[in-house]
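Notes for the one structure printed next.
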Amino acid sequence: MLFQKFIAAEKDVYQRIDHFLVKQDIGISRTYIQRLIKDGHVTVNNKSVKSNYRLRLNDEIVVIVPPPTELEIVPENIPLDIIYEDSSIIVINKPAGIVVHPAAGNYSGTIVNALLYHCKNLTGIGGKERPGIVHRLDKDTSGLLVAAKNDHSQQHLSHQFKKRTIEKRYIALVAGVVKKESGTIEIPIGRDIKDRKKISPTTKRARTAITHFKVAERFKNASLLEIKIETGRTHQIRVHLADFKHPVLGDIQYGGKNMRNWDNIHIARQMLHAERLGIIHPVTERFMEFKAETPEDMKRVRTLLREKNEIASLRSQ
């Protein structure tokens with residue numbers, strides 16, 4: 001249980017209580033703060049208030065965050081595209097549209113539910129809600145994901161991710177023609193100060209983020225990039241490419257609604273795929289590299305972009 005107490009200063013007077021608490025950076029979203037207020041877990045001078053309460057000088061604000069409800073993660077018979085498996089690790093090709101681990105709004109149908117069914121004995125490895133998980137991919141990003149099958153592998157792989165020795169390579173279809181053949185985007189990012197659902201350079205807690213890219217193919221109004229990341233920050237590639245003015249096609253969160261209908265091509269999800277993953281095996285200590293083929297939806301979009309290239313070329317002749 002988290003207990004926090006604040007005293008309203010002159011600069012805080014007339015602020016809404018929910019706005020004030022968001023600015024205190026106590027690690028919870030505005031939506032959750034409003035829920036705490038509604039449930040009576042936030043008091044001002046020992047009295048419950050509403051979210052629109054305006055602070056007065058020397059108001060005593062107390063916030064109590066109750067412990068999270070313990071989840072029971074149920075094994076589910078969800079098919080897995082297994083690239084490699086032994087007694088220590090399992091490497092899968094995650095499809096787009098599935099969440100890696102249970103969280104608010106997604107308590108079932110996740111990769112963790114599938115792994116618990118397939119591996120049988122993952123319980124307790126790496127935490128109750130994320131057994132075996134050492135890294136993750138966004139819901140609408142496809143590609144390679146490695147999971148640990150015992151405590152030793154969990155610790156070994158986690159250490160590799162922490163030390164940035166894991167090789168992670170992606171492909172992305174992005175808006176616009178990228179003129180540079182290759183480059184590096186090194187912009188610190190963190191939780192956006194205005195929208196906590198987003199990651200951005202406009203943040204109170206910026207963390208180092210490094211993304212390398214190389215142009216693999218150019219189209220009439222789009223580009224195919226090969227990407228290597230040194231750091232694995234949340235939404236890193238998507239944020240960096242959007243800041244670079246070449247957002248990932250299909251990514252409406254960072255590129256806007258037109259990313260779903262680019263150049264009259266319907267795009268159902270963000271065109272980002274974790275194509276290659278290189279790790280040191282936690283038992284043999286040998287380097288292993290895995291590859292996941294480009295998914296069909298990305299192949300379709302790439303083919304349509306190539307056709308538009310051909311049409312534009314014929315018209316210019």
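Chain labels follow the order of the structure tokens: the first chain is A, the next B, and so on; residue numbering restarts at 1 in every chain, and ligands are counted from 1 in their shown order.
By only C-alpha atoms, and with residues fewer than 3 positions from Ile111 of chain A along its chain excluded, the set lying at most 7 Å from it is Val99, Val100, His101, Ala114 and Leu115 of chain A.
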So that I have them on file, write out the residues from the current selection with all heavy atoms, as a short mmCIF file (atom, residue, chain, number, x, y, z; two decimals), in the first residue's frame.
```
data_model
loop_
_atom_site.label_atom_id
_atom_site.label_comp_id
_atom_site.auth_asym_id
_atom_site.auth_seq_id
_atom_site.Cartn_x
_atom_site.Cartn_y
_atom_site.Cartn_z
N VAL A 99 -1.52 -9.23 -26.73
CA VAL A 99 -0.72 -8.60 -25.67
C VAL A 99 0.22 -9.63 -25.06
O VAL A 99 -0.10 -10.81 -24.98
CB VAL A 99 -1.66 -8.03 -24.58
CG1 VAL A 99 -0.88 -7.45 -23.41
CG2 VAL A 99 -2.56 -6.95 -25.18
N VAL A 100 1.41 -9.18 -24.63
CA VAL A 100 2.40 -10.11 -24.10
C VAL A 100 2.01 -10.64 -22.73
O VAL A 100 2.05 -11.84 -22.48
CB VAL A 100 3.80 -9.46 -24.04
CG1 VAL A 100 4.79 -10.35 -23.29
CG2 VAL A 100 4.31 -9.19 -25.45
N HIS A 101 1.62 -9.75 -21.80
CA HIS A 101 1.30 -10.20 -20.45
C HIS A 101 0.02 -9.54 -19.94
O HIS A 101 -0.36 -8.45 -20.38
CB HIS A 101 2.46 -9.94 -19.48
CG HIS A 101 2.87 -8.49 -19.41
ND1 HIS A 101 2.14 -7.54 -18.74
CD2 HIS A 101 3.93 -7.84 -19.94
CE1 HIS A 101 2.73 -6.37 -18.85
NE2 HIS A 101 3.81 -6.52 -19.57
N ALA A 114 -0.78 -18.25 -22.97
CA ALA A 114 -0.39 -19.31 -23.91
C ALA A 114 0.85 -20.06 -23.44
O ALA A 114 0.92 -21.29 -23.53
CB ALA A 114 -0.16 -18.71 -25.29
N LEU A 115 1.84 -19.32 -22.92
CA LEU A 115 3.08 -19.96 -22.44
C LEU A 115 2.82 -20.86 -21.25
O LEU A 115 3.41 -21.94 -21.13
CB LEU A 115 4.10 -18.89 -22.08
CG LEU A 115 4.76 -18.14 -23.24
CD1 LEU A 115 5.63 -17.00 -22.72
CD2 LEU A 115 5.59 -19.09 -24.10
#
```
From the DSSP assignment of the backbone, select every residue of segment 110-279 of chain A that is strand (DSSP E or B), and format the answer as a compact mmCIF listing (two decimals) with C-alpha atoms, in the first residue's frame.
```txt
# COMPACT_ATOMS: atom_id res chain seq x y z
CA ILE A 133 8.90 -12.76 -19.63
CA SER A 142 4.79 -8.63 -34.52
CA GLY A 143 7.95 -10.66 -34.30
CA LEU A 144 10.46 -12.45 -32.12
CA LEU A 145 10.05 -12.83 -28.38
CA VAL A 146 12.21 -14.97 -26.07
CA ALA A 147 10.94 -16.29 -22.74
CA ALA A 148 12.77 -18.07 -19.92
CA GLU A 167 20.79 -7.89 -30.70
CA LYS A 168 17.36 -6.63 -31.72
CA ARG A 169 16.62 -5.87 -35.35
CA TYR A 170 13.30 -4.74 -36.80
CA ILE A 171 11.82 -3.80 -40.14
CA ALA A 172 9.36 -0.94 -40.48
CA LEU A 173 7.33 0.60 -43.27
CA VAL A 174 7.28 4.34 -42.67
CA ALA A 175 5.57 7.38 -44.15
CA SER A 182 21.32 5.41 -42.82
CA GLY A 183 21.48 7.23 -39.53
CA THR A 184 21.08 7.18 -35.77
CA ILE A 185 18.32 8.75 -33.70
CA GLU A 186 19.48 9.40 -30.16
CA ILE A 189 12.33 9.72 -24.03
CA GLY A 190 9.89 9.02 -21.21
CA ARG A 191 6.26 9.30 -20.17
CA ASP A 192 4.75 12.40 -21.82
CA ILE A 199 5.98 8.27 -24.64
CA SER A 200 7.80 11.36 -25.89
CA THR A 203 8.96 14.26 -20.24
CA ARG A 207 15.88 7.97 -20.41
CA ILE A 210 19.23 4.94 -29.30
CA THR A 211 17.81 3.77 -32.63
CA HIS A 212 19.88 3.02 -35.76
CA PHE A 213 18.21 2.81 -39.18
CA LYS A 214 19.12 1.91 -42.74
CA VAL A 215 16.94 2.34 -45.83
CA ALA A 216 16.19 -1.03 -47.42
CA GLU A 217 13.78 0.19 -50.09
CA ARG A 218 12.13 3.46 -51.18
CA ALA A 222 7.01 5.57 -48.18
CA SER A 223 10.17 3.73 -47.14
CA LEU A 224 11.15 0.33 -45.80
CA LEU A 225 13.69 0.61 -42.98
CA GLU A 226 15.93 -1.89 -41.28
CA ILE A 227 16.26 -0.90 -37.64
CA LYS A 228 18.62 -1.85 -34.84
CA ILE A 229 18.02 -0.63 -31.31
CA VAL A 248 5.41 4.00 -38.82
CA ASN A 261 -5.05 4.90 -45.00
CA TRP A 262 -1.72 5.89 -46.51
CA ILE A 265 -3.79 1.71 -48.93
CA HIS A 266 -5.74 0.39 -45.94
CA LEU A 272 6.62 -2.84 -37.36
CA HIS A 273 8.10 -6.33 -37.10
CA ALA A 274 10.85 -7.70 -34.82
CA GLU A 275 12.65 -9.67 -37.52
CA ARG A 276 15.89 -10.80 -35.83
CA LEU A 277 16.91 -11.55 -32.26
CA GLY A 278 20.41 -12.50 -31.10
CA ILE A 279 21.10 -13.82 -27.59
```
Quiz item: Within 6 Å of Leu57 of chain A, counting only C-alpha atoms, which residues qualify if same-chain residues fewer than 3 places away don't, as a PyMOL selection string?
Solution: chain A and resi 8-10+13
Export of prior selection with N, CA, C and O atoms as a CSV table (one decimal), in the first residue's frame:
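The resulting out07.csv:
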```csv
chain,number,residue,atom,x,y,z
A,8,ALA,N,-0.6,21.9,0.4
A,8,ALA,CA,-0.8,22.9,-0.7
A,8,ALA,C,-0.1,24.2,-0.3
A,8,ALA,O,-0.3,24.8,0.7
A,9,ALA,N,0.9,24.6,-1.2
A,9,ALA,CA,1.6,25.9,-1.1
A,9,ALA,C,0.8,26.9,-1.9
A,9,ALA,O,-0.2,26.7,-2.6
A,10,GLU,N,1.4,28.1,-1.8
A,10,GLU,CA,0.7,29.3,-2.5
A,10,GLU,C,0.6,29.0,-4.0
A,10,GLU,O,-0.4,29.3,-4.6
A,13,VAL,N,-2.6,26.9,-5.0
A,13,VAL,CA,-3.9,27.4,-4.7
A,13,VAL,C,-4.7,27.5,-6.0
A,13,VAL,O,-4.3,28.0,-7.0
```
Quiz item: By how many Å are atom CA of Leu55 of chain A and atom CA of Lys11 of chain A apart?
Solution: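 The value is 10.1 Å.
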Self-check item: Pick from A:Phe20, A:Phe3, A:Phe290, A:Tyr32, whichever lies nearest to Arg196 of chain A using only C-alpha atoms
Solution: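 Of A:Phe20, A:Phe3, A:Phe290, A:Tyr32, the one nearest Arg196 of chain A is A:Tyr32, counting only C-alpha atoms.
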Quiz prompt | Residues near Val65 of chain A, cut-off 12 Å, only C-alpha atoms, skip fewer than 5 positions along chain, as a PyMOL selection string | solution = chain A and resi 1-5+26-28+32-37+39-43
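Here atom CA of His156 of chain A and atom CA of Thr231 of chain A stand 17.5 Å from one another.
In this comparison, which uses only C-alpha atoms, the residue of A:Lys308, A:Lys47, A:Lys291, A:His159 approaching Val62 of chain A most closely is A:Lys47.
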Exercise. Could you find all residues in segment 165-269 of chain A that DSSP calls helix (DSSP H, G or I) from the backbone, and write them as a ChimeraX atom specification?
Key: /A:236-243,252-255,257-260
File of the preceding selection, N, CA, C and O atoms, as a PDB file, in the first residue's frame:
```pdb
ATOM      1  N   GLN A 236       9.848   2.900 -28.217  1.00  0.00           N
ATOM      2  CA  GLN A 236      11.028   3.641 -28.673  1.00  0.00           C
ATOM      3  C   GLN A 236      11.072   3.882 -30.179  1.00  0.00           C
ATOM      4  O   GLN A 236      11.228   5.024 -30.629  1.00  0.00           O
ATOM      5  N   ILE A 237      10.958   2.818 -30.974  1.00  0.00           N
ATOM      6  CA  ILE A 237      11.065   2.963 -32.426  1.00  0.00           C
ATOM      7  C   ILE A 237       9.966   3.866 -32.950  1.00  0.00           C
ATOM      8  O   ILE A 237      10.207   4.761 -33.770  1.00  0.00           O
ATOM      9  N   ARG A 238       8.758   3.659 -32.479  1.00  0.00           N
ATOM     10  CA  ARG A 238       7.609   4.441 -32.955  1.00  0.00           C
ATOM     11  C   ARG A 238       7.768   5.917 -32.628  1.00  0.00           C
ATOM     12  O   ARG A 238       7.493   6.785 -33.466  1.00  0.00           O
ATOM     13  N   VAL A 239       8.226   6.213 -31.417  1.00  0.00           N
ATOM     14  CA  VAL A 239       8.414   7.612 -30.997  1.00  0.00           C
ATOM     15  C   VAL A 239       9.555   8.257 -31.780  1.00  0.00           C
ATOM     16  O   VAL A 239       9.429   9.386 -32.276  1.00  0.00           O
ATOM     17  N   HIS A 240      10.674   7.562 -31.902  1.00  0.00           N
ATOM     18  CA  HIS A 240      11.817   8.113 -32.614  1.00  0.00           C
ATOM     19  C   HIS A 240      11.496   8.382 -34.084  1.00  0.00           C
ATOM     20  O   HIS A 240      11.859   9.436 -34.620  1.00  0.00           O
ATOM     21  N   LEU A 241      10.826   7.456 -34.746  1.00  0.00           N
ATOM     22  CA  LEU A 241      10.520   7.644 -36.160  1.00  0.00           C
ATOM     23  C   LEU A 241       9.489   8.758 -36.364  1.00  0.00           C
ATOM     24  O   LEU A 241       9.558   9.508 -37.341  1.00  0.00           O
ATOM     25  N   ALA A 242       8.552   8.881 -35.446  1.00  0.00           N
ATOM     26  CA  ALA A 242       7.578   9.981 -35.534  1.00  0.00           C
ATOM     27  C   ALA A 242       8.283  11.318 -35.353  1.00  0.00           C
ATOM     28  O   ALA A 242       8.001  12.297 -36.063  1.00  0.00           O
ATOM     29  N   ASP A 243       9.240  11.381 -34.409  1.00  0.00           N
ATOM     30  CA  ASP A 243       9.999  12.601 -34.193  1.00  0.00           C
ATOM     31  C   ASP A 243      10.881  12.921 -35.401  1.00  0.00           C
ATOM     32  O   ASP A 243      11.163  14.083 -35.699  1.00  0.00           O
ATOM     33  N   ILE A 252      -1.482   5.102 -35.549  1.00  0.00           N
ATOM     34  CA  ILE A 252      -2.276   6.316 -35.366  1.00  0.00           C
ATOM     35  C   ILE A 252      -1.921   7.036 -34.072  1.00  0.00           C
ATOM     36  O   ILE A 252      -2.142   8.243 -33.947  1.00  0.00           O
ATOM     37  N   GLN A 253      -1.371   6.322 -33.093  1.00  0.00           N
ATOM     38  CA  GLN A 253      -1.042   6.959 -31.816  1.00  0.00           C
ATOM     39  C   GLN A 253       0.041   8.015 -31.973  1.00  0.00           C
ATOM     40  O   GLN A 253      -0.028   9.088 -31.371  1.00  0.00           O
ATOM     41  N   TYR A 254       1.041   7.736 -32.793  1.00  0.00           N
ATOM     42  CA  TYR A 254       2.137   8.676 -32.958  1.00  0.00           C
ATOM     43  C   TYR A 254       2.192   9.325 -34.343  1.00  0.00           C
ATOM     44  O   TYR A 254       2.932  10.298 -34.531  1.00  0.00           O
ATOM     45  N   GLY A 255       1.402   8.804 -35.277  1.00  0.00           N
ATOM     46  CA  GLY A 255       1.447   9.371 -36.624  1.00  0.00           C
ATOM     47  C   GLY A 255       0.160  10.018 -37.089  1.00  0.00           C
ATOM     48  O   GLY A 255       0.136  10.701 -38.114  1.00  0.00           O
ATOM     49  N   LYS A 257      -4.345   9.740 -37.716  1.00  0.00           N
ATOM     50  CA  LYS A 257      -5.323   8.837 -38.331  1.00  0.00           C
ATOM     51  C   LYS A 257      -4.996   8.484 -39.772  1.00  0.00           C
ATOM     52  O   LYS A 257      -5.361   7.405 -40.241  1.00  0.00           O
ATOM     53  N   ASN A 258      -4.318   9.384 -40.489  1.00  0.00           N
ATOM     54  CA  ASN A 258      -4.040   9.081 -41.901  1.00  0.00           C
ATOM     55  C   ASN A 258      -3.036   7.949 -42.068  1.00  0.00           C
ATOM     56  O   ASN A 258      -2.844   7.433 -43.170  1.00  0.00           O
ATOM     57  N   MET A 259      -2.400   7.508 -40.973  1.00  0.00           N
ATOM     58  CA  MET A 259      -1.476   6.374 -41.059  1.00  0.00           C
ATOM     59  C   MET A 259      -2.198   5.065 -41.375  1.00  0.00           C
ATOM     60  O   MET A 259      -1.580   4.103 -41.810  1.00  0.00           O
ATOM     61  N   ARG A 260      -3.513   5.029 -41.139  1.00  0.00           N
ATOM     62  CA  ARG A 260      -4.287   3.814 -41.424  1.00  0.00           C
ATOM     63  C   ARG A 260      -4.798   3.766 -42.867  1.00  0.00           C
ATOM     64  O   ARG A 260      -5.372   2.766 -43.294  1.00  0.00           O
TER      65      ARG A 260
END
```
Quiz item: Closest to Pro282 of chain A among A:Leu157, A:Leu116, A:Ala103, A:Ile90, using only C-alpha atoms?
Solution: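 Checking each of A:Leu157, A:Leu116, A:Ala103, A:Ile90 against Pro282 of chain A, counting only C-alpha atoms, the winner is A:Leu157.
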Practice problem: Extract, using only C-alpha atoms, all DNA, RNA and protein residues at most 12 Å from Asn113 of chain A, discarding same-chain residues fewer than 3 positions from it, and format them as a ChimeraX atom specification. | Solution: /A:72-80,98-103,106-110,116-120,122-123,128-133
